[in-house]
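File shown: model-v4.csv (CSV, C-alpha atoms and all ligand atoms).
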```
chain,number,residue,atom,x,y,z
A,11,MET,CA,19.6,-10.1,4.0
A,12,SER,CA,17.1,-7.2,4.3
A,13,GLU,CA,17.9,-4.3,1.8
A,14,LYS,CA,17.4,-1.7,4.5
A,15,GLN,CA,19.4,-0.6,7.6
A,16,PHE,CA,16.8,-0.2,10.3
A,17,LYS,CA,17.2,2.7,12.7
A,18,VAL,CA,16.6,1.5,16.3
A,19,VAL,CA,16.7,4.2,18.9
A,20,VAL,CA,17.2,3.7,22.6
A,21,VAL,CA,15.6,6.0,25.2
A,22,GLY,CA,15.4,6.1,29.0
A,23,ILE,CA,16.8,8.1,31.8
A,24,ALA,CA,20.5,8.1,32.6
A,25,GLY,CA,21.8,5.1,34.4
A,26,VAL,CA,19.2,2.5,33.4
A,27,GLY,CA,21.9,0.7,31.3
A,28,LYS,CA,21.3,1.8,27.7
A,29,THR,CA,24.9,1.9,26.7
A,30,SER,CA,25.7,-1.3,28.5
A,31,LEU,CA,22.8,-3.0,26.7
A,32,LEU,CA,24.1,-1.9,23.3
A,33,GLU,CA,27.6,-2.9,24.1
A,34,ARG,CA,26.3,-6.3,25.2
A,35,VAL,CA,24.3,-6.9,22.0
A,36,ALA,CA,26.8,-5.4,19.6
A,37,PHE,CA,30.1,-6.6,21.1
A,38,ASN,CA,29.1,-9.1,23.8
A,39,ASN,CA,30.9,-7.0,26.3
A,40,PHE,CA,30.1,-5.5,29.7
A,41,GLU,CA,32.0,-3.0,31.9
A,42,MET,CA,30.7,-2.5,35.4
A,43,TYR,CA,32.0,1.1,36.0
A,44,LYS,CA,31.6,3.0,32.8
A,45,LYS,CA,31.8,6.7,32.1
A,46,PRO,CA,28.7,8.5,31.0
A,47,THR,CA,28.2,8.4,27.2
A,48,ILE,CA,29.9,11.2,25.3
A,49,GLY,CA,29.3,12.0,21.7
A,50,VAL,CA,26.7,10.2,19.6
A,51,ASP,CA,27.2,6.6,19.1
A,52,PHE,CA,25.5,4.2,17.0
A,53,PHE,CA,26.3,0.6,17.0
A,54,PRO,CA,26.0,-1.6,13.9
A,55,TYR,CA,24.3,-4.9,14.6
A,56,THR,CA,23.0,-7.7,12.3
A,57,ALA,CA,20.4,-10.0,13.8
A,58,LYS,CA,20.4,-13.5,12.5
A,59,LEU,CA,16.9,-15.0,12.7
A,60,PRO,CA,16.4,-18.8,13.1
A,61,ASP,CA,14.7,-18.9,9.6
A,62,GLY,CA,18.0,-17.6,8.0
A,63,ASN,CA,16.9,-14.0,7.5
A,64,GLU,CA,19.4,-11.3,8.5
A,65,VAL,CA,18.2,-7.9,9.7
A,66,VAL,CA,20.7,-5.0,9.6
A,67,MET,CA,20.2,-2.4,12.3
A,68,GLN,CA,21.8,0.8,13.5
A,69,LEU,CA,21.4,1.0,17.2
A,70,TRP,CA,21.4,4.6,18.4
A,71,ASP,CA,22.7,5.4,21.8
A,72,THR,CA,22.2,8.9,23.4
A,73,ALA,CA,25.1,11.3,23.7
A,74,GLY,CA,24.3,11.8,27.4
A,75,GLN,CA,21.5,14.3,26.5
A,76,GLU,CA,19.1,12.3,28.7
A,77,ARG,CA,21.0,13.6,31.7
A,78,TYR,CA,19.7,17.1,30.9
A,79,ALA,CA,16.2,16.0,29.7
A,80,GLN,CA,17.3,17.0,26.2
A,81,LEU,CA,16.2,13.9,24.3
A,82,ASN,CA,13.8,15.2,21.7
A,83,SER,CA,12.1,14.4,18.3
A,84,ALA,CA,15.3,15.1,16.4
A,85,TYR,CA,16.8,12.0,18.0
A,86,TRP,CA,14.0,9.6,17.1
A,87,ARG,CA,13.1,11.1,13.7
A,88,ALA,CA,12.6,8.3,11.1
A,89,ALA,CA,13.2,5.6,13.7
A,90,ASP,CA,12.0,2.2,12.7
A,91,ALA,CA,12.0,1.0,16.3
A,92,ILE,CA,12.2,2.6,19.8
A,93,ILE,CA,13.4,0.7,22.8
A,94,ALA,CA,12.4,2.5,26.1
A,95,VAL,CA,14.7,1.0,28.8
A,96,PHE,CA,14.0,1.1,32.5
A,97,ASP,CA,15.9,-0.2,35.5
A,98,ALA,CA,13.8,-3.1,36.9
A,99,THR,CA,14.6,-2.0,40.5
A,100,SER,CA,13.3,1.6,39.9
A,101,THR,CA,9.6,2.6,39.5
A,102,TYR,CA,10.7,6.1,38.7
A,103,SER,CA,12.7,4.9,35.7
A,104,LEU,CA,9.6,2.8,34.5
A,105,GLU,CA,7.4,5.9,34.7
A,106,SER,CA,10.0,7.9,32.7
A,107,ALA,CA,10.3,5.1,30.0
A,108,CYS,CA,6.5,5.2,29.7
A,109,GLN,CA,6.5,9.0,29.3
A,110,TYR,CA,9.1,8.7,26.5
A,111,LEU,CA,7.0,6.0,24.7
A,112,HIS,CA,3.9,8.1,25.0
A,113,LYS,CA,5.6,11.3,23.8
A,114,ILE,CA,7.1,9.4,20.8
A,115,TYR,CA,3.7,7.9,20.0
A,116,GLU,CA,2.1,11.4,19.9
A,117,ASP,CA,5.1,12.8,17.9
A,118,PHE,CA,4.5,10.2,15.2
A,119,GLY,CA,0.8,11.2,15.0
A,120,GLY,CA,-0.8,9.0,17.7
A,121,SER,CA,-4.0,7.2,16.9
A,122,LYS,CA,-4.7,9.5,13.9
A,123,ILE,CA,-2.0,7.7,12.0
A,124,ASP,CA,-2.2,4.1,10.7
A,125,PRO,CA,-0.4,1.7,13.1
A,126,ALA,CA,1.7,0.6,10.1
A,127,LEU,CA,3.4,4.0,10.0
A,128,HIS,CA,4.4,4.0,13.6
A,129,PRO,CA,7.8,2.7,14.8
A,130,ILE,CA,7.9,-0.5,16.8
A,131,ARG,CA,7.7,0.4,20.5
A,132,VAL,CA,9.5,-1.9,23.0
A,133,LEU,CA,9.4,-1.4,26.7
A,134,LEU,CA,12.5,-3.1,28.2
A,135,ALA,CA,13.3,-3.9,31.8
A,136,ASN,CA,17.1,-4.1,32.3
A,137,LYS,CA,19.1,-5.1,35.4
A,138,ILE,CA,16.9,-8.2,36.1
A,139,ASP,CA,20.0,-9.8,37.7
A,140,LEU,CA,19.6,-7.4,40.7
A,141,PRO,CA,17.3,-8.3,43.7
A,142,ARG,CA,13.8,-7.0,43.1
A,143,GLY,CA,13.4,-3.4,44.1
A,144,GLU,CA,10.3,-1.2,44.5
A,145,SER,CA,7.8,-3.1,42.5
A,146,THR,CA,7.2,-6.8,41.5
A,147,GLU,CA,7.6,-8.2,38.1
A,148,ASP,CA,3.9,-8.7,37.8
A,149,ALA,CA,3.2,-5.0,38.7
A,150,GLN,CA,5.7,-3.9,36.0
A,151,ARG,CA,4.1,-6.3,33.5
A,152,ASP,CA,0.6,-4.8,34.3
A,153,ILE,CA,1.8,-1.3,33.6
A,154,ALA,CA,3.7,-2.3,30.5
A,155,THR,CA,0.9,-4.2,28.8
A,156,ASN,CA,-2.1,-2.0,29.6
A,157,PRO,CA,-2.7,-0.2,26.2
A,158,SER,CA,-4.7,2.6,27.8
A,159,GLY,CA,-2.1,3.1,30.6
A,160,THR,CA,0.7,5.7,30.7
A,161,CYS,CA,2.9,3.9,28.2
A,162,GLY,CA,0.2,3.8,25.5
A,163,PRO,CA,0.2,0.9,23.1
A,164,VAL,CA,3.4,-1.1,23.3
A,165,THR,CA,4.5,-3.6,20.6
A,166,PHE,CA,6.0,-5.8,23.2
A,167,TYR,CA,7.5,-5.9,26.7
A,168,GLY,CA,10.8,-7.6,27.4
A,169,ARG,CA,13.2,-8.2,30.4
A,170,CYS,CA,16.9,-8.6,30.3
A,171,SER,CA,20.3,-8.0,32.0
A,172,ALA,CA,23.1,-6.3,30.1
A,173,LEU,CA,25.4,-7.7,32.9
A,174,THR,CA,24.6,-11.4,32.5
A,175,GLY,CA,23.4,-11.1,28.9
A,176,GLU,CA,20.1,-12.9,29.9
A,177,GLY,CA,17.3,-12.0,27.5
A,178,VAL,CA,19.3,-9.6,25.4
A,179,VAL,CA,19.7,-11.5,22.1
A,180,ASP,CA,16.2,-12.7,22.4
A,181,VAL,CA,14.8,-9.1,22.6
A,182,PHE,CA,16.8,-8.1,19.6
A,183,GLU,CA,15.7,-11.1,17.6
A,184,ARG,CA,12.1,-10.3,18.4
A,185,ILE,CA,12.7,-6.7,17.3
A,186,ALA,CA,14.3,-7.9,14.1
A,187,GLY,CA,11.3,-10.2,13.3
A,188,LYS,CA,8.8,-7.3,14.0
A,189,LEU,CA,10.9,-5.0,11.7
A,190,LEU,CA,10.5,-7.4,8.8
A,191,ILE,CA,6.8,-7.7,9.4
A,192,ALA,CA,6.5,-3.9,9.7
A,193,GLN,CA,8.4,-3.4,6.5
A,194,PHE,CA,6.0,-5.7,4.7
A,195,ASP,CA,2.9,-3.9,6.3
A,196,ARG,CA,4.3,-0.5,5.1
A,197,LYS,CA,4.6,-1.7,1.6
A,198,VAL,CA,1.1,-3.0,1.6
A,199,TYR,CA,-0.1,0.2,3.2
A,200,LYS,CA,1.7,2.3,0.5
A,201,GLN,CA,0.3,0.2,-2.4
A,202,ARG,CA,-3.2,0.4,-0.9
A,203,SER,CA,-2.9,4.1,-0.6
A,204,GLU,CA,-1.6,4.5,-4.2
A,205,VAL,CA,-4.5,2.5,-5.5
A,206,LEU,CA,-6.9,4.7,-3.6
A,207,ILE,CA,-5.2,7.9,-4.8
A,208,SER,CA,-5.1,6.8,-8.4
A,209,SER,CA,-8.8,6.0,-8.2
A,210,GLY,CA,-9.5,9.4,-6.7
A,211,HIS,CA,-10.5,8.2,-3.3
A,212,LEU,CA,-7.7,9.5,-1.2
A,213,GLU,CA,-5.2,12.3,-1.4
A,214,SER,CA,-1.7,12.9,-0.1
A,215,ILE,CA,-1.8,10.2,2.6
A,216,VAL,CA,1.3,8.4,1.3
A,217,ASP,CA,3.3,11.6,2.0
A,218,LYS,CA,3.1,10.6,5.6
A,219,CYS,CA,4.8,7.3,4.9
A,220,SER,CA,8.6,7.3,5.4
A,221,CYS,CA,9.0,3.8,4.0
B,1,LIG,P1,23.0,4.6,30.6
B,1,LIG,O1,23.2,5.9,31.3
B,1,LIG,O2,21.5,4.4,30.5
B,1,LIG,O3,23.7,4.5,29.3
B,1,LIG,O4,23.5,3.5,31.6
B,1,LIG,P2,25.0,2.7,31.6
B,1,LIG,O5,25.0,1.7,30.5
B,1,LIG,O6,26.0,3.8,31.6
B,1,LIG,O7,24.9,2.0,33.0
B,1,LIG,C1,24.7,2.6,34.2
B,1,LIG,C2,25.2,1.7,35.3
B,1,LIG,O8,24.4,0.6,35.4
B,1,LIG,C3,26.7,1.2,35.1
B,1,LIG,O9,27.4,1.2,36.3
B,1,LIG,C4,26.5,-0.2,34.6
B,1,LIG,O10,27.6,-1.0,34.9
B,1,LIG,C5,25.2,-0.6,35.3
B,1,LIG,N1,24.4,-1.6,34.6
B,1,LIG,C6,24.0,-1.5,33.3
B,1,LIG,N2,23.3,-2.6,33.0
B,1,LIG,C7,23.3,-3.4,34.1
B,1,LIG,C8,22.7,-4.7,34.4
B,1,LIG,O11,22.0,-5.3,33.6
B,1,LIG,N3,22.8,-5.2,35.7
B,1,LIG,C9,23.5,-4.5,36.6
B,1,LIG,N4,23.6,-5.0,37.8
B,1,LIG,N5,24.1,-3.3,36.4
B,1,LIG,C10,24.0,-2.8,35.1
B,2,MG,MG,24.9,5.9,28.2
```
Would you encode the structure as structure tokens?
Ligand code: GDP
Ligand code: MG
Amino acid sequence: MSEKQFKVVVVGIAGVGKTSLLERVAFNNFEMYKKPTIGVDFFPYTAKLPDGNEVVMQLWDTAGQERYAQLNSAYWRAADAIIAVFDATSTYSLESACQYLHKIYEDFGGSKIDPALHPIRVLLANKIDLPRGESTEDAQRDIATNPSGTCGPVTFYGRCSALTGEGVVDVFERIAGKLLIAQFDRKVYKQRSEVLISSGHLESIVDKCSC
């Protein structure tokens, strides 16, 4: 069992299925006609990896602020992972998810900051049970995996359906595995920085590390 509870934050415009996704992964439940999210919710979830490791997460849902474009840095502060969700039938929602990912990347310091200090960034297509909409799966994959494109660098791209459950556990297992690797990388980064500082080579860089 990992010592830490990892903060995993879900962003994306209203209606893409963020709350449905979290209810699916945390409670294996789906309600077709649901009210918009009210109040902040976070869902506890423990991912059990095939190698026996358990990764404890807090999955943060929005309190409906995304309806008024009010999601901001207070919401993703100290996040260990970000999941930007889009509706696989809506190109607009994919563009918005990319804008969120890009903004969050810049908020965490962009390319000026060591990759080890960035949260994991996942771009996730939801509603893949629906007939294909405005763009093909290949076109979405091209946008998602182009590191110099509008999404910026993405840790991985996934596809799922909160309705059928397809792909959901798989995505969260992948995130859990990446969180463990990132935790290790941060420790190494911190130790390396401390050695450099004590030998007079580097100053104050560990202050930026929230690990
Ligand atoms: P949020 O605003 O991003 O939290 O989105 P919700 O979870 O409230 O979902 C918005 C609507 O999309 C609801 O009517 C859900 O039932 C529906 N929905 C969510 N996930 C899926 C999915 O995977 N497939 C389908 N077909 N509908 C979904
Ligand atoms: Mg919601």
So that each row is one residue of chain A with an atom at most 10 Å from ligand LIG 1 (chain B), can you give its shortest atom pair and the distance in Å to one decimal, using only C-alpha atoms and all ligand atoms, rows by chain and rising number, as CSV?
```
residue,atom,partner,partner_atom,distance
A:Val20,CA,B:LIG1,O2,9.0
A:Val21,CA,B:LIG1,O2,8.1
A:Gly22,CA,B:LIG1,O2,6.5
A:Ile23,CA,B:LIG1,O2,6.1
A:Ala24,CA,B:LIG1,O1,3.7
A:Gly25,CA,B:LIG1,O1,3.5
A:Val26,CA,B:LIG1,O2,4.2
A:Gly27,CA,B:LIG1,O4,3.2
A:Lys28,CA,B:LIG1,O2,3.8
A:Thr29,CA,B:LIG1,O5,3.8
A:Ser30,CA,B:LIG1,O5,3.7
A:Leu31,CA,B:LIG1,N2,6.3
A:Leu32,CA,B:LIG1,O5,8.1
A:Glu33,CA,B:LIG1,O5,8.3
A:Arg34,CA,B:LIG1,N2,9.1
A:Phe40,CA,B:LIG1,O10,7.3
A:Glu41,CA,B:LIG1,O10,5.7
A:Met42,CA,B:LIG1,O10,3.5
A:Tyr43,CA,B:LIG1,O9,4.6
A:Lys44,CA,B:LIG1,C3,5.7
A:Lys45,CA,B:LIG1,O6,6.5
A:Pro46,CA,B:LIG1,O6,5.5
A:Thr47,CA,B:LIG1,O3,6.3
A:Ile48,CA,B:LIG1,O3,10.0
A:Asp71,CA,B:LIG1,O3,7.6
A:Thr72,CA,B:LIG1,O3,7.5
A:Ala73,CA,B:LIG1,O3,8.9
A:Gly74,CA,B:LIG1,O1,7.2
A:Gln75,CA,B:LIG1,O1,9.8
A:Glu76,CA,B:LIG1,O1,8.0
A:Arg77,CA,B:LIG1,O1,8.0
A:Val95,CA,B:LIG1,O2,7.8
A:Phe96,CA,B:LIG1,O2,8.4
A:Asp97,CA,B:LIG1,N2,8.2
A:Ala98,CA,B:LIG1,O11,9.1
A:Thr99,CA,B:LIG1,N4,9.9
A:Ala135,CA,B:LIG1,O11,9.0
A:Asn136,CA,B:LIG1,O11,5.2
A:Lys137,CA,B:LIG1,O11,3.4
A:Ile138,CA,B:LIG1,O11,6.4
A:Asp139,CA,B:LIG1,N3,5.7
A:Leu140,CA,B:LIG1,N4,5.5
A:Pro141,CA,B:LIG1,N4,9.2
A:Arg169,CA,B:LIG1,O11,9.8
A:Cys170,CA,B:LIG1,O11,6.9
A:Ser171,CA,B:LIG1,O11,3.6
A:Ala172,CA,B:LIG1,O11,3.8
A:Leu173,CA,B:LIG1,O11,4.2
A:Thr174,CA,B:LIG1,O11,6.7
A:Gly175,CA,B:LIG1,O11,7.6
A:Glu176,CA,B:LIG1,O11,8.7
A:Val178,CA,B:LIG1,O11,9.6
```
Q. Which one of A:Ile191, A:Ala94, A:Leu206, A:Ala186 sits closest to Pro60 in chain A if you count only C-alpha atoms?
A.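 The answer is A:Ala186, which sits nearest to Pro60 in chain A.
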Q) Hey, which of A:Leu127, A:Glu116, A:Gly162, A:Tyr167 ends up closest to Lys200 in chain A? Count all atoms listed in the file. A)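 Closest residue, counting all atoms listed in the file: A:Leu127.
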As AutoDock Vina command-line options, what would the box around range 98-105 of chain A look like: edges along x, y and z, 6 Å added on every side, centre and edge lengths in Å to one decimal?
```
--center_x 11.0 --center_y 1.5 --center_z 37.5 --size_x 19.2 --size_y 21.2 --size_z 18.0
```
Q) What does the distance between CA of Leu133 in chain A and CA of Val198 in chain A come to in Å, to one decimal place? A)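 So the two atoms, CA of Leu133 in chain A and CA of Val198 in chain A, lie 26.5 Å apart.
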